[in-house]
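**Student:** This is target10.tsv, which holds TSV, C-alpha atoms:
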chain	number	residue	atom	x	y	z
H	4	MET	CA	2.81	12.13	-4.42
H	5	LYS	CA	4.41	11.09	-1.16
H	6	VAL	CA	1.03	10.10	0.29
H	7	ALA	CA	-0.21	6.74	-1.00
H	8	VAL	CA	-3.96	6.55	-1.63
H	9	SER	CA	-6.15	3.61	-2.57
H	10	ARG	CA	-7.22	3.48	-6.22
H	11	LEU	CA	-10.85	3.77	-5.09
H	12	GLY	CA	-11.60	6.56	-2.63
H	13	PHE	CA	-14.64	7.42	-0.51
H	14	GLY	CA	-16.29	10.78	-1.16
H	15	GLY	CA	-17.77	12.28	1.98
H	16	ALA	CA	-20.32	14.78	0.59
H	17	PRO	CA	-23.31	12.37	0.76
H	18	ILE	CA	-22.73	11.59	4.45
H	19	GLY	CA	-22.98	15.35	5.03
H	20	ASN	CA	-26.66	15.07	4.00
H	21	LEU	CA	-26.10	16.15	0.41
H	22	TYR	CA	-29.59	16.83	-1.07
H	23	ARG	CA	-31.36	14.78	1.61
H	24	GLU	CA	-31.03	13.73	5.22
H	25	ILE	CA	-29.60	10.35	6.17
H	26	SER	CA	-29.16	8.87	9.63
H	27	ASP	CA	-25.89	8.45	11.48
H	28	ALA	CA	-26.32	4.70	11.14
H	29	GLU	CA	-26.59	4.95	7.35
H	30	ALA	CA	-23.52	7.19	7.18
H	31	PHE	CA	-21.47	4.90	9.41
H	32	GLY	CA	-22.62	1.92	7.36
H	33	ALA	CA	-21.36	3.56	4.17
H	34	VAL	CA	-17.91	4.12	5.67
H	35	GLU	CA	-17.83	0.57	7.02
H	36	ALA	CA	-18.76	-0.83	3.60
H	37	ALA	CA	-15.98	1.25	2.05
H	38	TRP	CA	-13.48	-0.16	4.51
H	39	GLN	CA	-14.63	-3.73	3.86
H	40	SER	CA	-14.28	-3.04	0.12
H	41	GLY	CA	-10.62	-2.13	0.54
H	42	VAL	CA	-10.98	1.66	0.47
H	43	ARG	CA	-8.30	3.40	2.51
H	44	TYR	CA	-8.67	6.94	1.21
H	45	PHE	CA	-11.47	9.10	2.62
H	46	ASP	CA	-12.20	12.64	1.43
H	47	THR	CA	-14.30	15.27	3.19
H	48	ALA	CA	-14.59	19.05	3.64
H	49	PRO	CA	-16.11	21.63	6.02
H	50	HIS	CA	-18.46	22.59	3.17
H	51	TYR	CA	-20.11	19.16	3.24
H	52	GLY	CA	-23.06	19.54	5.57
H	53	LEU	CA	-21.52	22.47	7.49
H	54	GLY	CA	-19.08	20.10	9.15
H	55	LEU	CA	-21.40	17.12	9.47
H	56	SER	CA	-19.43	15.02	6.99
H	57	GLU	CA	-16.19	15.57	8.92
H	58	ARG	CA	-17.82	14.74	12.25
H	59	ARG	CA	-19.43	11.56	10.94
H	60	LEU	CA	-16.28	10.43	9.16
H	61	GLY	CA	-14.22	10.98	12.28
H	62	VAL	CA	-16.55	8.84	14.38
H	63	ALA	CA	-16.81	6.12	11.73
H	64	LEU	CA	-13.03	5.77	11.47
H	65	SER	CA	-12.22	6.25	15.14
H	66	GLY	CA	-11.79	2.54	15.84
H	67	ARG	CA	-9.40	1.96	12.94
H	68	PRO	CA	-5.60	2.03	13.19
H	69	ARG	CA	-4.70	5.61	12.22
H	70	ASP	CA	-1.71	4.62	10.11
H	71	GLU	CA	-3.85	2.39	7.87
H	72	TYR	CA	-5.89	5.08	6.10
H	73	VAL	CA	-5.60	8.51	4.51
H	74	ILE	CA	-7.92	11.47	5.11
H	75	SER	CA	-8.13	14.57	2.96
H	76	THR	CA	-10.05	17.69	3.82
H	77	LYS	CA	-10.21	21.20	2.40
H	78	VAL	CA	-9.67	24.85	3.26
H	79	GLY	CA	-11.20	28.02	1.88
H	80	ARG	CA	-14.60	27.98	3.57
H	81	VAL	CA	-14.41	28.83	7.26
H	82	LEU	CA	-17.48	27.87	9.30
H	83	GLU	CA	-18.76	30.54	11.66
H	84	PRO	CA	-21.69	30.18	14.11
H	85	PHE	CA	-24.95	31.44	12.64
H	86	ASP	CA	-28.47	31.85	13.99
H	87	GLY	CA	-30.21	31.28	10.68
H	88	GLU	CA	-33.55	29.53	10.46
H	89	GLY	CA	-34.38	26.54	8.32
H	90	LEU	CA	-31.96	24.40	6.34
H	91	ASP	CA	-28.69	25.13	4.61
H	92	ASP	CA	-29.15	26.86	1.27
H	93	GLU	CA	-26.17	25.22	-0.51
H	94	GLY	CA	-27.58	21.77	-1.10
H	95	PHE	CA	-27.19	20.04	2.27
H	96	ALA	CA	-30.14	19.00	4.44
H	97	VAL	CA	-28.74	20.37	7.71
H	98	PRO	CA	-29.80	23.20	10.05
H	99	ARG	CA	-28.20	26.58	9.34
H	100	GLN	CA	-26.21	26.61	12.57
H	101	PHE	CA	-23.12	27.81	10.74
H	102	ARG	CA	-22.38	29.93	7.72
H	103	ARG	CA	-19.56	29.51	5.24
H	104	VAL	CA	-17.17	32.44	4.95
H	105	ARG	CA	-14.81	32.35	1.98
H	106	ASP	CA	-11.34	32.85	3.42
H	107	TYR	CA	-8.16	31.90	1.58
H	108	SER	CA	-5.87	33.91	3.84
H	109	ALA	CA	-3.07	32.25	5.77
H	110	ASP	CA	-4.98	32.78	9.00
H	111	GLY	CA	-8.14	31.40	7.43
H	112	VAL	CA	-6.30	28.26	6.32
H	113	LEU	CA	-4.93	27.64	9.81
H	114	ARG	CA	-8.29	28.28	11.51
H	115	SER	CA	-10.13	26.07	9.04
H	116	LEU	CA	-7.68	23.20	9.41
H	117	GLU	CA	-7.69	23.43	13.19
H	118	SER	CA	-11.50	23.21	13.24
H	119	SER	CA	-11.46	20.31	10.78
H	120	LEU	CA	-9.05	18.34	12.97
H	121	GLU	CA	-11.35	18.92	15.94
H	122	ARG	CA	-14.42	17.73	14.03
H	123	LEU	CA	-12.56	14.71	12.67
H	124	GLY	CA	-11.19	13.83	16.08
H	125	THR	CA	-7.67	13.34	14.77
H	126	ASP	CA	-4.32	15.05	15.15
H	127	ARG	CA	-3.53	15.11	11.44
H	128	VAL	CA	-4.84	14.80	7.91
H	129	GLU	CA	-2.62	13.51	5.14
H	130	ILE	CA	-3.89	15.76	2.32
H	131	VAL	CA	-5.27	19.31	2.34
H	132	TYR	CA	-6.89	20.86	-0.73
H	133	ILE	CA	-7.58	24.53	-1.42
H	134	HIS	CA	-11.30	24.25	-2.14
H	135	ASP	CA	-12.93	26.01	-5.13
H	136	PRO	CA	-10.87	29.22	-5.25
H	137	ASP	CA	-12.44	30.14	-8.61
H	138	GLU	CA	-12.81	33.86	-7.90
H	139	HIS	CA	-9.96	34.04	-5.41
H	140	TRP	CA	-6.74	33.32	-7.33
H	141	ASP	CA	-4.68	36.11	-5.78
H	142	GLU	CA	-5.46	35.14	-2.19
H	143	ALA	CA	-5.30	31.39	-2.83
H	144	PHE	CA	-1.97	31.67	-4.64
H	145	GLY	CA	-0.48	34.38	-2.45
H	146	GLU	CA	-1.66	33.25	1.00
H	147	ALA	CA	-3.38	29.85	1.14
H	148	TYR	CA	-0.73	28.03	-0.86
H	149	PRO	CA	2.28	29.42	1.07
H	150	ALA	CA	0.54	28.58	4.37
H	151	LEU	CA	-0.02	25.00	3.26
H	152	GLU	CA	3.50	24.78	1.87
H	153	SER	CA	4.80	25.77	5.31
H	154	LEU	CA	2.64	23.12	7.00
H	155	ARG	CA	3.96	20.53	4.55
H	156	SER	CA	7.58	21.51	5.19
H	157	GLN	CA	6.95	21.14	8.94
H	158	GLY	CA	5.48	17.66	8.40
H	159	VAL	CA	2.06	18.75	9.69
H	160	VAL	CA	0.43	17.56	6.44
H	161	GLY	CA	1.81	15.10	3.94
H	162	ALA	CA	0.51	16.56	0.68
H	163	ILE	CA	-1.18	19.74	-0.49
H	164	GLY	CA	-3.23	20.61	-3.53
H	165	VAL	CA	-6.30	22.19	-5.00
H	166	GLY	CA	-9.79	20.79	-5.58
H	167	MET	CA	-12.00	22.32	-8.28
H	168	ASN	CA	-14.69	21.75	-10.90
H	169	GLN	CA	-12.51	23.32	-13.60
H	170	TRP	CA	-9.05	22.48	-15.00
H	171	GLN	CA	-7.72	25.90	-16.03
H	172	MET	CA	-6.89	27.30	-12.59
H	173	PRO	CA	-5.55	23.96	-11.32
H	174	GLU	CA	-3.19	24.00	-14.29
H	175	ARG	CA	-1.87	27.37	-13.12
H	176	PHE	CA	-1.23	25.86	-9.70
H	177	VAL	CA	0.52	22.89	-11.31
H	178	ARG	CA	2.79	25.11	-13.40
H	179	GLU	CA	3.42	27.91	-10.89
H	180	THR	CA	3.66	26.10	-7.52
H	181	ASP	CA	4.93	22.85	-6.06
H	182	ILE	CA	1.58	21.30	-5.20
H	183	ASP	CA	1.38	17.52	-4.92
H	184	VAL	CA	-2.12	16.73	-6.08
H	185	VAL	CA	-5.24	18.08	-7.82
H	186	MET	CA	-8.74	16.83	-7.08
H	187	LEU	CA	-10.43	17.32	-10.44
H	188	ALA	CA	-14.23	17.16	-10.46
H	189	GLY	CA	-16.06	16.26	-13.65
H	190	ARG	CA	-13.54	17.49	-16.21
H	191	TYR	CA	-12.05	14.12	-17.10
H	192	THR	CA	-14.83	11.61	-17.53
H	193	LEU	CA	-16.09	9.02	-19.96
H	194	LEU	CA	-18.40	11.72	-21.35
H	195	GLU	CA	-15.90	14.56	-21.80
H	196	GLN	CA	-12.17	15.13	-21.49
H	197	PRO	CA	-11.47	18.89	-21.78
H	198	SER	CA	-8.50	18.56	-19.41
H	199	LEU	CA	-6.73	16.05	-21.66
H	200	PRO	CA	-4.78	18.29	-24.09
H	201	SER	CA	-3.05	20.60	-21.61
H	202	PHE	CA	-3.80	20.02	-17.93
H	203	LEU	CA	-3.10	16.31	-17.61
H	204	PRO	CA	0.19	16.45	-19.57
H	205	ALA	CA	1.28	19.29	-17.27
H	206	CYS	CA	0.56	17.06	-14.26
H	207	VAL	CA	2.64	14.24	-15.74
H	208	GLU	CA	5.47	16.65	-16.57
H	209	ARG	CA	5.49	18.19	-13.09
H	210	GLY	CA	4.90	14.96	-11.17
H	211	VAL	CA	1.54	16.09	-9.80
H	212	SER	CA	-1.00	13.40	-8.98
H	213	VAL	CA	-4.66	13.70	-9.97
H	214	VAL	CA	-7.60	12.42	-7.94
H	215	ALA	CA	-10.63	12.16	-10.22
H	216	CYS	CA	-14.09	12.76	-8.82
H	217	GLY	CA	-17.46	13.63	-10.31
H	218	VAL	CA	-16.88	10.77	-12.75
H	219	PHE	CA	-20.65	10.38	-13.28
H	220	ASN	CA	-20.95	14.03	-14.39
H	221	SER	CA	-23.46	14.71	-11.59
H	222	GLY	CA	-25.56	11.65	-12.44
H	223	LEU	CA	-25.67	11.46	-16.22
H	224	LEU	CA	-23.43	8.38	-16.22
H	225	SER	CA	-24.63	6.84	-12.95
H	226	LYS	CA	-27.26	4.42	-14.26
H	227	PRO	CA	-27.09	1.60	-16.84
H	228	VAL	CA	-30.09	3.16	-18.60
H	229	VAL	CA	-29.82	6.93	-18.96
H	230	PRO	CA	-33.08	8.66	-17.94
H	231	THR	CA	-34.43	11.67	-19.80
H	232	ASP	CA	-34.27	13.80	-16.63
H	233	ALA	CA	-30.62	12.96	-15.88
H	234	LYS	CA	-28.44	15.67	-14.33
H	235	TYR	CA	-25.26	17.18	-15.70
H	236	ASN	CA	-23.22	19.67	-13.66
H	237	TYR	CA	-26.04	19.64	-11.09
H	238	GLU	CA	-28.62	20.83	-13.64
H	239	ASP	CA	-30.88	19.09	-16.16
H	240	ALA	CA	-28.67	17.53	-18.81
H	241	PRO	CA	-28.87	19.02	-22.33
H	242	PRO	CA	-30.59	16.65	-24.80
H	243	GLU	CA	-27.42	16.23	-26.88
H	244	LEU	CA	-25.49	15.00	-23.83
H	245	VAL	CA	-28.29	12.60	-22.89
H	246	THR	CA	-28.09	11.22	-26.44
H	247	ARG	CA	-24.31	10.85	-26.24
H	248	ALA	CA	-24.52	9.12	-22.85
H	249	ARG	CA	-27.11	6.70	-24.24
H	250	GLU	CA	-24.86	5.91	-27.20
H	251	ILE	CA	-22.03	5.10	-24.79
H	252	ALA	CA	-24.38	3.03	-22.63
H	253	ALA	CA	-25.43	1.01	-25.68
H	254	VAL	CA	-21.78	0.15	-26.39
H	255	CYS	CA	-21.31	-0.87	-22.77
H	256	SER	CA	-24.34	-3.15	-22.97
H	257	ARG	CA	-23.05	-4.83	-26.14
H	258	HIS	CA	-19.86	-5.72	-24.28
H	259	GLY	CA	-21.62	-7.09	-21.21
H	260	VAL	CA	-20.83	-4.23	-18.82
H	261	THR	CA	-22.74	-1.21	-17.54
H	262	LEU	CA	-22.29	2.52	-18.01
H	263	PRO	CA	-21.46	3.15	-14.30
H	264	GLU	CA	-18.83	0.38	-14.33
H	265	VAL	CA	-17.07	1.90	-17.30
H	266	ALA	CA	-17.45	5.47	-16.00
H	267	ILE	CA	-15.83	4.63	-12.66
H	268	GLN	CA	-12.85	2.93	-14.26
H	269	PHE	CA	-12.27	5.22	-17.23
H	270	ALA	CA	-10.21	7.95	-15.54
H	271	LEU	CA	-7.73	5.46	-14.11
H	272	GLY	CA	-6.43	4.87	-17.62
H	273	HIS	CA	-4.52	8.14	-17.54
H	274	PRO	CA	-1.04	7.94	-15.98
H	275	ALA	CA	-1.59	11.12	-13.94
H	276	VAL	CA	-4.68	9.73	-12.18
H	277	VAL	CA	-3.92	7.89	-8.93
H	278	SER	CA	-7.43	7.47	-7.51
H	279	VAL	CA	-11.12	7.81	-8.32
H	280	VAL	CA	-13.26	9.14	-5.46
H	281	ILE	CA	-16.93	8.16	-5.44
H	282	GLY	CA	-19.53	9.55	-3.05
H	283	SER	CA	-21.71	7.01	-1.25
H	284	ARG	CA	-24.49	7.65	1.26
H	285	THR	CA	-25.34	4.07	2.29
H	286	ALA	CA	-23.64	0.70	2.63
H	287	SER	CA	-25.52	-0.76	-0.33
H	288	GLN	CA	-24.54	2.19	-2.55
H	289	MET	CA	-20.90	1.85	-1.52
H	290	THR	CA	-20.94	-1.90	-2.15
H	291	SER	CA	-22.43	-1.29	-5.59
H	292	ASN	CA	-19.79	1.32	-6.41
H	293	ALA	CA	-17.02	-1.02	-5.28
H	294	ALA	CA	-18.42	-3.78	-7.47
H	295	SER	CA	-18.46	-1.40	-10.45
H	296	PHE	CA	-14.87	-0.46	-9.71
H	297	SER	CA	-13.86	-4.14	-9.75
H	298	ALA	CA	-15.78	-5.18	-12.88
H	299	SER	CA	-13.77	-6.51	-15.79
H	300	ILE	CA	-13.92	-4.16	-18.78
H	301	PRO	CA	-12.99	-5.77	-22.13
H	302	ALA	CA	-10.43	-3.94	-24.26
H	303	SER	CA	-12.80	-4.30	-27.21
H	304	LEU	CA	-15.20	-1.83	-25.53
H	305	TRP	CA	-12.63	0.96	-25.57
H	306	GLU	CA	-11.80	0.14	-29.18
H	307	GLU	CA	-15.45	0.39	-30.23
H	308	LEU	CA	-15.96	3.69	-28.38
H	309	LYS	CA	-13.00	5.12	-30.27
H	310	SER	CA	-14.11	3.72	-33.62
H	311	LEU	CA	-17.53	5.36	-33.16
H	312	GLY	CA	-16.00	8.69	-32.21
H	313	LEU	CA	-17.37	8.48	-28.66
H	314	LEU	CA	-13.79	8.62	-27.36
H	315	GLY	CA	-10.88	10.35	-29.03
H	316	SER	CA	-8.23	8.07	-30.47
H	317	GLU	CA	-5.61	9.72	-28.23
H	318	VAL	CA	-7.51	9.08	-24.98
H	319	PRO	CA	-5.63	6.56	-22.78
H	320	THR	CA	-7.76	3.74	-21.38
H	321	PRO	CA	-7.28	1.24	-18.55
So, in terms of structure tokens, how does the structure I just supplied come out?

**Tutor:**
Amino acid sequence: MKVAVSRLGFGGAPIGNLYREISDAEAFGAVEAAWQSGVRYFDTAPHYGLGLSERRLGVALSGRPRDEYVISTKVGRVLEPFDGEGLDDEGFAVPRQFRRVRDYSADGVLRSLESSLERLGTDRVEIVYIHDPDEHWDEAFGEAYPALESLRSQGVVGAIGVGMNQWQMPERFVRETDIDVVMLAGRYTLLEQPSLPSFLPACVERGVSVVACGVFNSGLLSKPVVPTDAKYNYEDAPPELVTRAREIAAVCSRHGVTLPEVAIQFALGHPAVVSVVIGSRTASQMTSNAASFSASIPASLWEELKSLGLLGSEVPTP
């Protein structure tokens, strides 16, 4: 990928009031803590808080030299003014002043990106992802991708890709287009690696970079001690996955590290993965995530996980 990103990236969904409201000061503090921790890659999307994440990120980075950091945002959900009452019904604690309209047309891509640049207060973003086109392959492939390819050829954006919670459609993009990068959420983690046999080798073969996110599997791997009510894929985790996560956590403990530390670093062992993006809503949470990212993981831990069958023998490790 022509765009260089830091190995640890900042995920902007929490500063868009994901699940609960936070103040501007808390959001700005999280971005500041990321910067002080060496993060230079910041990801956001119109979807996150109906534009709130983009607006906050733009303000938080406005005093920084523009050439020193990378921003990625996404297209596919165009925000239109809306007079709805109450709060957003897609997981963000924000007023329903806008509604998301799925639009993967060329015009939709251009309108979405123009609005994102305005909210971010910048004249460019380095990476643009087609966001969650699960039910929209024809339009995403036939219109969104060519529009982004044109913007890339004009130098308007540096890299283009797709961001999804599955690996199958991203693999089609990898094999059938000239995308630069895939943001893969939750499908290559310490808990499960369904993208390992086919998708990741395709990325290596085609020279496509992978940005791993959702490395905690929606919370199941986010705490040193796995709670019974842990989440997986945004729902209550099945008992068998809670048991597996606890078995992995026990191995981590025996080697003097924690489950979140190992989960954050795991994906970086694969040669296709260039960055791990972690969402943080406060400065203390960001500082904790950065510390986990920097923790020293003994090689013996990976060996024990493989010997116990908790990792496949073919899984590459850091």

**Student:** Record the distance separating atom CA of H:Gly217 and atom CA of H:Met4, expressed in Å with one decimal.

**Tutor:**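 So the answer is 21.2 Å.
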
**Student:** Taking into account only C-alpha atoms, which residue in the set H:Gly312, H:Gly158, H:Gly79, H:Gly124 is nearest to H:Trp140?

**Tutor:** H:Gly79

**Student:** Given the choices H:Gly111, H:Gly189, H:Pro98, H:Pro321, which gets closest to H:Val280 if the distance is worked out from all atoms listed in the file?

**Tutor:** H:Gly189

**Student:** Nearest residue to H:Pro227 out of H:Ile300, H:Ala248, H:Ala240, H:Ala215, using only C-alpha atoms?

**Tutor:**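 Residue with the minimum atom-to-atom distance to H:Pro227: H:Ala248.
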
**Student:** With only C-alpha atoms counted, which protein, DNA or RNA residues have an atom no more than 12 Å from (-22.0, 32.5, 8.7) in the file frame? Please answer as a ChimeraX atom specification.

**Tutor:** /H:50,53,80-87,91-92,99-106

**Student:** Ranking H:Asn20, H:Thr180, H:Thr125, H:Gln157 by minimum distance to H:Arg67 and counting only C-alpha atoms, which one comes first?

**Tutor:**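 Ranking H:Asn20, H:Thr180, H:Thr125, H:Gln157 by distance to H:Arg67, first place goes to H:Thr125.
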
**Student:** Out of H:Leu199, H:Gly41, H:Leu11, H:Tyr191, which residue has the shortest atom-to-atom distance to H:Phe296 when counting only C-alpha atoms?

**Tutor:** H:Leu11

**Student:** Could you check how far atom CA of H:Ser26 sits from atom CA of H:Tyr237, in Å to one decimal?

**Tutor:** 23.6 Å

**Student:** Which of these, H:Arg58, H:Lys226, H:Arg257, H:Arg127, has the shortest distance to H:Val160 once you count only C-alpha atoms?

**Tutor:** H:Arg127

**Student:** Give, as JSON, the centre coordinates and the x, y and z edge lengths in Å to one decimal for an axis-aligned box around all listed atoms of stretch 297-309 of chain H, padded by 8 Å on each side.

**Tutor:**
{"center_x": -13.2, "center_y": -0.7, "center_z": -20.0, "size_x": 21.5, "size_y": 27.6, "size_z": 36.5}

**Student:** Between atom CA of H:Phe202 and atom CA of H:Trp170, what distance in Å does the model show, to one decimal?

**Tutor:**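 Between these atoms lies a distance of 6.5 Å.
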
**Student:** Give me the residues near stretch 142-145 of chain H as a list in words, where near means some atom within 6 Å (using only C-alpha atoms) and where sequence neighbours in that chain fewer than 3 positions away do not count.

**Tutor:**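 Here the qualifying residues turn out to be Tyr107, His139 and Tyr148 of chain H.
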
**Student:** May I have the residues at most 10 Å from (-22.9, -1.2, -14.4) in the file's coordinates, counting all atoms listed in the file, as a list in words?

**Tutor:**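 Selection result: Leu224, Ser225, Lys226, Pro227, Val228, Ala252, Cys255, Ser256, Gly259, Val260, Thr261, Leu262, Pro263, Glu264, Val265, Ala266, Ile267, Ser291, Asn292, Ala294, Ser295, Phe296 and Ala298 of chain H.
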
**Student:** Could you give me, as a PyMOL selection string, the residues within 12 Å of H:Ala293, counting all atoms listed in the file and dropping anything in the same chain fewer than 4 positions from it?

**Tutor:** chain H and resi 10-13+33+36-42+263-264+267-268+279-283+286-289+297-298

**Student:** Please produce a file of the residues just selected, as a PDB file, keeping the file's coordinate frame, where the atoms kept are C-alpha atoms.

**Tutor:**
ATOM      1  CA  ARG H  10      -7.220   3.480  -6.220  1.00  0.00           C
ATOM      2  CA  LEU H  11     -10.850   3.770  -5.090  1.00  0.00           C
ATOM      3  CA  GLY H  12     -11.600   6.560  -2.630  1.00  0.00           C
ATOM      4  CA  PHE H  13     -14.640   7.420  -0.510  1.00  0.00           C
ATOM      5  CA  ALA H  33     -21.360   3.560   4.170  1.00  0.00           C
ATOM      6  CA  ALA H  36     -18.760  -0.830   3.600  1.00  0.00           C
ATOM      7  CA  ALA H  37     -15.980   1.250   2.050  1.00  0.00           C
ATOM      8  CA  TRP H  38     -13.480  -0.160   4.510  1.00  0.00           C
ATOM      9  CA  GLN H  39     -14.630  -3.730   3.860  1.00  0.00           C
ATOM     10  CA  SER H  40     -14.280  -3.040   0.120  1.00  0.00           C
ATOM     11  CA  GLY H  41     -10.620  -2.130   0.540  1.00  0.00           C
ATOM     12  CA  VAL H  42     -10.980   1.660   0.470  1.00  0.00           C
ATOM     13  CA  PRO H 263     -21.460   3.150 -14.300  1.00  0.00           C
ATOM     14  CA  GLU H 264     -18.830   0.380 -14.330  1.00  0.00           C
ATOM     15  CA  ILE H 267     -15.830   4.630 -12.660  1.00  0.00           C
ATOM     16  CA  GLN H 268     -12.850   2.930 -14.260  1.00  0.00           C
ATOM     17  CA  VAL H 279     -11.120   7.810  -8.320  1.00  0.00           C
ATOM     18  CA  VAL H 280     -13.260   9.140  -5.460  1.00  0.00           C
ATOM     19  CA  ILE H 281     -16.930   8.160  -5.440  1.00  0.00           C
ATOM     20  CA  GLY H 282     -19.530   9.550  -3.050  1.00  0.00           C
ATOM     21  CA  SER H 283     -21.710   7.010  -1.250  1.00  0.00           C
ATOM     22  CA  ALA H 286     -23.640   0.700   2.630  1.00  0.00           C
ATOM     23  CA  SER H 287     -25.520  -0.760  -0.330  1.00  0.00           C
ATOM     24  CA  GLN H 288     -24.540   2.190  -2.550  1.00  0.00           C
ATOM     25  CA  MET H 289     -20.900   1.850  -1.520  1.00  0.00           C
ATOM     26  CA  SER H 297     -13.860  -4.140  -9.750  1.00  0.00           C
ATOM     27  CA  ALA H 298     -15.780  -5.180 -12.880  1.00  0.00           C
TER      28      ALA H 298
END

**Student:** Name the residues in contact with H:Asp135 at a cut-off of 9 Å, using all atoms listed in the file, excluding same-chain residues fewer than 2 positions from it; report them as a ChimeraX atom specification.

**Tutor:** /H:79,133,137-139,165-169

**Student:** Those same residues - C-alpha atoms - I'd like them written as a PDB file, in the frame of the given file.

**Tutor:**
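As written to disk, selection30.pdb reads:
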ATOM      1  CA  GLY H  79     -11.200  28.020   1.880  1.00  0.00           C
ATOM      2  CA  ILE H 133      -7.580  24.530  -1.420  1.00  0.00           C
ATOM      3  CA  ASP H 137     -12.440  30.140  -8.610  1.00  0.00           C
ATOM      4  CA  GLU H 138     -12.810  33.860  -7.900  1.00  0.00           C
ATOM      5  CA  HIS H 139      -9.960  34.040  -5.410  1.00  0.00           C
ATOM      6  CA  VAL H 165      -6.300  22.190  -5.000  1.00  0.00           C
ATOM      7  CA  GLY H 166      -9.790  20.790  -5.580  1.00  0.00           C
ATOM      8  CA  MET H 167     -12.000  22.320  -8.280  1.00  0.00           C
ATOM      9  CA  ASN H 168     -14.690  21.750 -10.900  1.00  0.00           C
ATOM     10  CA  GLN H 169     -12.510  23.320 -13.600  1.00  0.00           C
TER      11      GLN H 169
END

**Student:** What are the closest atom pairs, with distances in Å to one decimal, for all residues of stretch 150-228 of chain H lying within 6 Å of stretch 128-131 of chain H? Consider all atoms listed in the file, order rows by chain and residue number, and present the result as a Markdown table.

**Tutor:**
| residue | atom | partner | partner_atom | distance |
| --- | --- | --- | --- | --- |
| H:Val160 | CA | H:Glu129 | CA | 5.2 |
| H:Gly161 | CA | H:Glu129 | CA | 4.9 |
| H:Ala162 | CA | H:Ile130 | CA | 4.8 |
| H:Ile163 | CA | H:Val131 | CA | 5.0 |
